[in-house]
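Written below as C-alpha cells is the structure these notes are about.
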Amino acid sequence: MPLQIGARLDLEDLVVDFNNVVMDAARRYIPTKEMKDFSSQAPYWWEQAHAALLQEKELADKDMREALPGRLRRAAKFRLLRINRKVRKNEQLLRTNSWRNFCNSFEDASQLYALFKRSKGKWLKASTCRVQL
C-alpha cells in the first residue's frame, strides 16, 4: 500500500505497514531451506531397555524437583544421581558394543584400517579397534 504525501497516518499504522513490506520482501527474495527432523530418529546404538532407563531418570528428576527441602529432597537427589550414573554407564556400554560390532563386521582387518586411513588420516592406533580374525 503506497503512502500518500499529506495523508495523516498513525505511527502504529506506519510500523505495521513497514513490517509487512519487510516480511513480504523477505518471503519473496530470501531462499529458505527445510530442516530435517532428527528428533524421531534414534541413535544407531539405541535399545528399548535404555529408553526405560531414561523414563526412570525423568521420573526421578521430577520427584527431586517436587520434593520438599530437607531429608526427602536429599534422598531424591541421591536417587537421581544414582540413576544418572546408571544411564551414563549403560550408554557407554551400548556405544562400546556397537563400535565392537562394527569393527567385527569386517572380514579382513586391513579393510578397516584402509577405511580409517582414507577418511581421517593415519590417526588410528592399533588398540582403538580390536578386530577378531
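For the C-alpha cells, the naming scheme is as follows: chains receive sequential letters (A, B, ...) according to their order of presentation, residues are indexed from 1 within each chain, and ligands are indexed from 1 in presentation order.
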Within 10 Å of Asn84 in chain A, counting only C-alpha atoms, which residues qualify if same-chain residues fewer than 3 places away don't, as a PyMOL selection string?
chain A and resi 53-54+56-58+60-61+78-81+87-90
How would the residues just picked look written out with N, CA, C and O atoms as a PDB file, in the first residue's frame?
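Output file part.pdb is given in full below:
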ATOM      1  N   LEU A  53      15.238 -46.799  31.004  1.00  0.00           N
ATOM      2  CA  LEU A  53      16.121 -46.143  31.970  1.00  0.00           C
ATOM      3  C   LEU A  53      15.952 -44.628  31.923  1.00  0.00           C
ATOM      4  O   LEU A  53      15.951 -43.963  32.963  1.00  0.00           O
ATOM      5  N   LEU A  54      15.818 -44.081  30.730  1.00  0.00           N
ATOM      6  CA  LEU A  54      15.638 -42.633  30.603  1.00  0.00           C
ATOM      7  C   LEU A  54      14.311 -42.189  31.191  1.00  0.00           C
ATOM      8  O   LEU A  54      14.222 -41.106  31.787  1.00  0.00           O
ATOM      9  N   GLU A  56      12.838 -43.640  33.711  1.00  0.00           N
ATOM     10  CA  GLU A  56      13.074 -43.701  35.155  1.00  0.00           C
ATOM     11  C   GLU A  56      13.848 -42.471  35.628  1.00  0.00           C
ATOM     12  O   GLU A  56      13.551 -41.907  36.679  1.00  0.00           O
ATOM     13  N   LYS A  57      14.800 -42.024  34.816  1.00  0.00           N
ATOM     14  CA  LYS A  57      15.564 -40.826  35.148  1.00  0.00           C
ATOM     15  C   LYS A  57      14.665 -39.596  35.173  1.00  0.00           C
ATOM     16  O   LYS A  57      14.778 -38.745  36.064  1.00  0.00           O
ATOM     17  N   GLU A  58      13.768 -39.477  34.192  1.00  0.00           N
ATOM     18  CA  GLU A  58      12.854 -38.335  34.160  1.00  0.00           C
ATOM     19  C   GLU A  58      11.942 -38.316  35.375  1.00  0.00           C
ATOM     20  O   GLU A  58      11.680 -37.255  35.949  1.00  0.00           O
ATOM     21  N   ALA A  60      12.638 -39.632  38.325  1.00  0.00           N
ATOM     22  CA  ALA A  60      13.458 -39.278  39.488  1.00  0.00           C
ATOM     23  C   ALA A  60      13.764 -37.788  39.508  1.00  0.00           C
ATOM     24  O   ALA A  60      13.777 -37.159  40.576  1.00  0.00           O
ATOM     25  N   ASP A  61      13.984 -37.201  38.335  1.00  0.00           N
ATOM     26  CA  ASP A  61      14.231 -35.764  38.252  1.00  0.00           C
ATOM     27  C   ASP A  61      13.001 -34.986  38.688  1.00  0.00           C
ATOM     28  O   ASP A  61      13.097 -34.001  39.434  1.00  0.00           O
ATOM     29  N   PHE A  78      19.892 -38.024  45.759  1.00  0.00           N
ATOM     30  CA  PHE A  78      20.784 -39.177  45.759  1.00  0.00           C
ATOM     31  C   PHE A  78      20.283 -40.236  44.778  1.00  0.00           C
ATOM     32  O   PHE A  78      21.067 -40.830  44.026  1.00  0.00           O
ATOM     33  N   ARG A  79      18.954 -40.453  44.757  1.00  0.00           N
ATOM     34  CA  ARG A  79      18.371 -41.419  43.812  1.00  0.00           C
ATOM     35  C   ARG A  79      18.609 -40.972  42.374  1.00  0.00           C
ATOM     36  O   ARG A  79      18.974 -41.774  41.514  1.00  0.00           O
ATOM     37  N   LEU A  80      18.437 -39.671  42.105  1.00  0.00           N
ATOM     38  CA  LEU A  80      18.672 -39.151  40.759  1.00  0.00           C
ATOM     39  C   LEU A  80      20.134 -39.315  40.358  1.00  0.00           C
ATOM     40  O   LEU A  80      20.430 -39.707  39.225  1.00  0.00           O
ATOM     41  N   LEU A  81      21.054 -39.027  41.247  1.00  0.00           N
ATOM     42  CA  LEU A  81      22.477 -39.194  40.939  1.00  0.00           C
ATOM     43  C   LEU A  81      22.805 -40.647  40.618  1.00  0.00           C
ATOM     44  O   LEU A  81      23.578 -40.939  39.700  1.00  0.00           O
ATOM     45  N   VAL A  87      22.567 -44.538  33.850  1.00  0.00           N
ATOM     46  CA  VAL A  87      22.287 -44.171  32.458  1.00  0.00           C
ATOM     47  C   VAL A  87      23.588 -43.953  31.693  1.00  0.00           C
ATOM     48  O   VAL A  87      23.752 -44.430  30.568  1.00  0.00           O
ATOM     49  N   ARG A  88      24.529 -43.215  32.295  1.00  0.00           N
ATOM     50  CA  ARG A  88      25.812 -42.961  31.618  1.00  0.00           C
ATOM     51  C   ARG A  88      26.572 -44.253  31.354  1.00  0.00           C
ATOM     52  O   ARG A  88      27.124 -44.450  30.270  1.00  0.00           O
ATOM     53  N   LYS A  89      26.596 -45.142  32.343  1.00  0.00           N
ATOM     54  CA  LYS A  89      27.299 -46.410  32.149  1.00  0.00           C
ATOM     55  C   LYS A  89      26.624 -47.258  31.071  1.00  0.00           C
ATOM     56  O   LYS A  89      27.298 -47.907  30.272  1.00  0.00           O
ATOM     57  N   ASN A  90      25.296 -47.247  31.052  1.00  0.00           N
ATOM     58  CA  ASN A  90      24.576 -48.013  30.044  1.00  0.00           C
ATOM     59  C   ASN A  90      24.826 -47.452  28.647  1.00  0.00           C
ATOM     60  O   ASN A  90      25.040 -48.209  27.700  1.00  0.00           O
TER      61      ASN A  90
END
Quick one: pull the distance between CA of Thr32 in chain A and CA of Asp13 in chain A, Å, one decimal.
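A separation of 28.6 Å between them.
Nearest residue to Trp99 in chain A among A:Arg27, A:Asp37, A:Tyr44, A:Leu59 is A:Tyr44, counting only C-alpha atoms.
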